Amino acid sequence: MNNGLWSSVVDNATFVLVSVGIAAALFLIAYLTEKFLKKKNGDEERILTTRKIAVIGVFSAIAAVLMLFEFPVPFAPSFYELDFSEIPALVGAFAFGPVAGVMIEFCKILLKLFMKGTSTAFVGDLANFVIGCSFILPASIIYMIRKTRNNAIAASVTGTLIMSVFGTMFNAVYLLPAFSKLYGMSLDTIVGMGTAINSSITSVTSLVIFAVAPLNLLKGGSVSLVTMLTYKKLSPILKQGTISKKERAVQTAK
């Protein structure tokens with residue numbers, strides 16, 4: 001019994017350390033990329049200003065609330081649900097850059113855990129953060145290179161595809177085994193939950209292909225659509241007082 005308890009503590013500690021490491025790596029990637037692009041574009045504004053931090057806080061709160069509303073999908077087991085918490089993150093990332101996007105993703109998870117706790121031994125929360133960043137990061141980086149409507153569409157499509165591929169692989173290689181271990185549930189049992197919904201699901205590979213990939217495509221597509229419809233109206237309000245000299249010159253030229 002003592003050995004089992006110690007093993008559980010070690011497993012959870014290892015998972016927490018891996019989660020912290022992944023979060024730190026994503027922050028570093030976002031920071032270095034944004035710093036490079038700002039320097040390349042001649043933008044001297046700081047990556048984080050007081051106004052940006054305030055907006056990030058508001059958007060994180062909105063994202064956390066949206067995360068509480070999860071919807072089941074007919075093609076996946078009950079532990080896979082659809083939420084729209086990436087909408088504030090993508091809008092914030094388009095307005096303020098990759099660092100803001102990652103911060104919104106991270107803060108929304110902390111707020112959600114404070115409000116609701118976790119029902120998946122933190123595996124689902126890590127999944128939401130990492131897979132969300134796999135969408136937000138590439139989309140915001142591409143958009144930051146050239147801020148046009150067409151590039152925003154290309155960025156959203158690219159982000160959706162990357163999230164779908166990465167999310168599928170991440171679930172198969174790490175998340176599902178971690179969920180199985182932390183919850184004391186065999187992978188066969190988890191796969192069986194998928195088989196009950198779709199007879200084509202007979203393994204971890206088929207589970208992520210027929211459940212995770214479509215879920216991420218649906219999520220990325222819907223989040224991108226809502227962002228495209230709302231960002232243009234929100235952008236002037238969000239960026240008031242934070243527009244760089246170069247962006248102001250471009251807007252004046254238009």
# chains A, B, ... in the order shown; residues from 1 in each chain; ligands from 1
>>> residues_around(residues="stretch 189-197 of chain A", least_positions_apart="2", cutoff="10 Å", atoms="only C-alpha atoms", output="list in words")
Pro74, Phe75, Ala76, Pro77, Ser78, Phe79, Leu176, Pro177, Phe179, Ser180, Met185, Ser186, Leu187, Ser199, Ser200, Ile201, Thr202, Ser203, Val204, Thr205, Ser206, Leu207, Val208, Phe210 and Ala211 of chain A
>>> write_last_selection(atoms="C-alpha atoms", output="CSV table (one decimal), in the first residue's frame")
chain,number,residue,atom,x,y,z
A,74,PRO,CA,-21.1,12.5,-31.1
A,75,PHE,CA,-18.0,11.0,-32.6
A,76,ALA,CA,-15.8,11.0,-29.4
A,77,PRO,CA,-15.9,9.5,-25.9
A,78,SER,CA,-17.3,11.7,-23.1
A,79,PHE,CA,-13.9,12.8,-21.8
A,176,LEU,CA,-3.7,9.0,-23.2
A,177,PRO,CA,-0.9,6.9,-21.5
A,179,PHE,CA,-4.3,9.6,-18.3
A,180,SER,CA,-4.4,5.8,-18.1
A,185,MET,CA,-7.4,2.8,-16.1
A,186,SER,CA,-6.1,0.5,-18.8
A,187,LEU,CA,-5.7,1.9,-22.4
A,199,SER,CA,-16.8,0.5,-34.2
A,200,SER,CA,-13.9,1.7,-36.3
A,201,ILE,CA,-12.0,2.7,-33.1
A,202,THR,CA,-10.1,-0.4,-32.1
A,203,SER,CA,-6.8,1.0,-30.9
A,204,VAL,CA,-5.2,4.2,-29.5
A,205,THR,CA,-4.2,5.1,-33.1
A,206,SER,CA,-7.7,4.8,-34.4
A,207,LEU,CA,-9.1,6.6,-31.4
A,208,VAL,CA,-7.0,9.7,-32.0
A,210,PHE,CA,-11.4,9.2,-35.5
A,211,ALA,CA,-12.0,11.3,-32.3
>>> select_by_dssp(residues="stretch 19-184 of chain A", states="strand (DSSP E or B)", output="list in words")
Phe71, Pro72, Glu81 and Leu82 of chain A
>>> closest_atom_pairs(of="stretch 82-179 of chain A", to="stretch 44-47 of chain A", cutoff="9 Å", atoms="only C-alpha atoms", output="JSON lines")
{"residue": "A:Phe96", "atom": "CA", "partner": "A:Ile47", "partner_atom": "CA", "distance": 8.0}
{"residue": "A:Gly97", "atom": "CA", "partner": "A:Ile47", "partner_atom": "CA", "distance": 8.0}
{"residue": "A:Val99", "atom": "CA", "partner": "A:Ile47", "partner_atom": "CA", "distance": 7.6}
{"residue": "A:Ala100", "atom": "CA", "partner": "A:Ile47", "partner_atom": "CA", "distance": 8.5}
>>> closest_atom_pairs(of="stretch 82-102 of chain A", to="stretch 116-136 of chain A", cutoff="8 Å", atoms="only C-alpha atoms", output="JSON lines")
{"residue": "A:Glu86", "atom": "CA", "partner": "A:Gly132", "partner_atom": "CA", "distance": 6.7}
{"residue": "A:Ala89", "atom": "CA", "partner": "A:Ile136", "partner_atom": "CA", "distance": 7.1}
{"residue": "A:Leu90", "atom": "CA", "partner": "A:Ile136", "partner_atom": "CA", "distance": 5.8}
{"residue": "A:Ala93", "atom": "CA", "partner": "A:Ile136", "partner_atom": "CA", "distance": 7.0}
{"residue": "A:Pro98", "atom": "CA", "partner": "A:Ile136", "partner_atom": "CA", "distance": 7.3}
{"residue": "A:Gly101", "atom": "CA", "partner": "A:Ile136", "partner_atom": "CA", "distance": 6.3}
{"residue": "A:Val102", "atom": "CA", "partner": "A:Cys133", "partner_atom": "CA", "distance": 6.2}
>>> write_last_selection(atoms="N, CA and C atoms", output="PDB file, in the first residue's frame")
ATOM      1  N   GLU A  86     -10.624  29.172 -26.824  1.00  0.00           N
ATOM      2  CA  GLU A  86      -9.528  29.686 -27.651  1.00  0.00           C
ATOM      3  C   GLU A  86      -9.888  30.991 -28.378  1.00  0.00           C
ATOM      4  N   ALA A  89      -8.265  33.901 -26.692  1.00  0.00           N
ATOM      5  CA  ALA A  89      -6.810  33.727 -26.827  1.00  0.00           C
ATOM      6  C   ALA A  89      -6.347  34.105 -28.228  1.00  0.00           C
ATOM      7  N   LEU A  90      -7.100  33.703 -29.241  1.00  0.00           N
ATOM      8  CA  LEU A  90      -6.707  34.027 -30.620  1.00  0.00           C
ATOM      9  C   LEU A  90      -6.876  35.513 -30.903  1.00  0.00           C
ATOM     10  N   ALA A  93      -4.049  37.214 -29.151  1.00  0.00           N
ATOM     11  CA  ALA A  93      -2.774  36.948 -29.814  1.00  0.00           C
ATOM     12  C   ALA A  93      -2.653  37.748 -31.105  1.00  0.00           C
ATOM     13  N   PRO A  98       2.195  36.689 -29.924  1.00  0.00           N
ATOM     14  CA  PRO A  98       2.234  35.320 -29.391  1.00  0.00           C
ATOM     15  C   PRO A  98       2.322  35.222 -27.872  1.00  0.00           C
ATOM     16  N   GLY A 101      -1.011  35.595 -26.344  1.00  0.00           N
ATOM     17  CA  GLY A 101      -1.822  34.401 -26.593  1.00  0.00           C
ATOM     18  C   GLY A 101      -1.505  33.277 -25.625  1.00  0.00           C
ATOM     19  N   VAL A 102      -0.207  33.023 -25.422  1.00  0.00           N
ATOM     20  CA  VAL A 102       0.211  31.957 -24.502  1.00  0.00           C
ATOM     21  C   VAL A 102      -0.170  32.311 -23.062  1.00  0.00           C
TER      22      VAL A 102
END
>>> select_by_dssp(residues="stretch 33-161 of chain A", states="helix (DSSP H, G or I)", output="number ranges by chain")
A: 33-40, 50-68, 86-96, 98-116, 123-145, 149-161
>>> closest_atom_pairs(of="stretch 23-64 of chain A", to="stretch 144-147 of chain A", cutoff="12 Å", atoms="only C-alpha atoms", output="JSON lines")
{"residue": "A:Ala30", "atom": "CA", "partner": "A:Met144", "partner_atom": "CA", "distance": 11.7}
{"residue": "A:Thr33", "atom": "CA", "partner": "A:Met144", "partner_atom": "CA", "distance": 10.0}
{"residue": "A:Glu34", "atom": "CA", "partner": "A:Met144", "partner_atom": "CA", "distance": 8.2}
{"residue": "A:Lys35", "atom": "CA", "partner": "A:Met144", "partner_atom": "CA", "distance": 11.2}
{"residue": "A:Phe36", "atom": "CA", "partner": "A:Ile145", "partner_atom": "CA", "distance": 10.5}
{"residue": "A:Leu37", "atom": "CA", "partner": "A:Ile145", "partner_atom": "CA", "distance": 7.0}
{"residue": "A:Lys38", "atom": "CA", "partner": "A:Met144", "partner_atom": "CA", "distance": 8.8}
{"residue": "A:Lys39", "atom": "CA", "partner": "A:Ile145", "partner_atom": "CA", "distance": 11.5}
{"residue": "A:Lys40", "atom": "CA", "partner": "A:Ile145", "partner_atom": "CA", "distance": 9.4}
{"residue": "A:Asn41", "atom": "CA", "partner": "A:Ile145", "partner_atom": "CA", "distance": 8.4}
{"residue": "A:Asp43", "atom": "CA", "partner": "A:Met144", "partner_atom": "CA", "distance": 11.4}
>>> residues_around(residues="A:Thr158", least_positions_apart="3", cutoff="12 Å", atoms="only C-alpha atoms", output="number ranges by chain")
A: 134-143, 151-155, 161-166, 217, 220-221, 224
>>> atom_distance(atom1="atom CA of A:Leu17", atom2="atom CA of A:Ala178")
13.1 Å
>>> atom_distance(atom1="atom CA of A:Ala64", atom2="atom CA of A:Lys108")
4.5 Å
>>> residues_around(residues="stretch 68-71 of chain A", least_positions_apart="5", cutoff="8 Å", atoms="only C-alpha atoms", output="VMD selection string")
chain A and resid 81 to 83 112 116
>>> write_last_selection(atoms="C-alpha atoms", output="PDB file, in the first residue's frame")
ATOM      1  CA  GLU A  81     -15.533  17.758 -25.217  1.00  0.00           C
ATOM      2  CA  LEU A  82     -15.659  20.915 -27.289  1.00  0.00           C
ATOM      3  CA  ASP A  83     -15.214  24.380 -25.800  1.00  0.00           C
ATOM      4  CA  LYS A 112     -10.593  27.348 -14.451  1.00  0.00           C
ATOM      5  CA  LYS A 116     -13.994  24.212 -11.023  1.00  0.00           C
TER       6      LYS A 116
END
>>> atom_distance(atom1="atom CA of A:Asn150", atom2="atom CA of A:Thr168")
27.2 Å
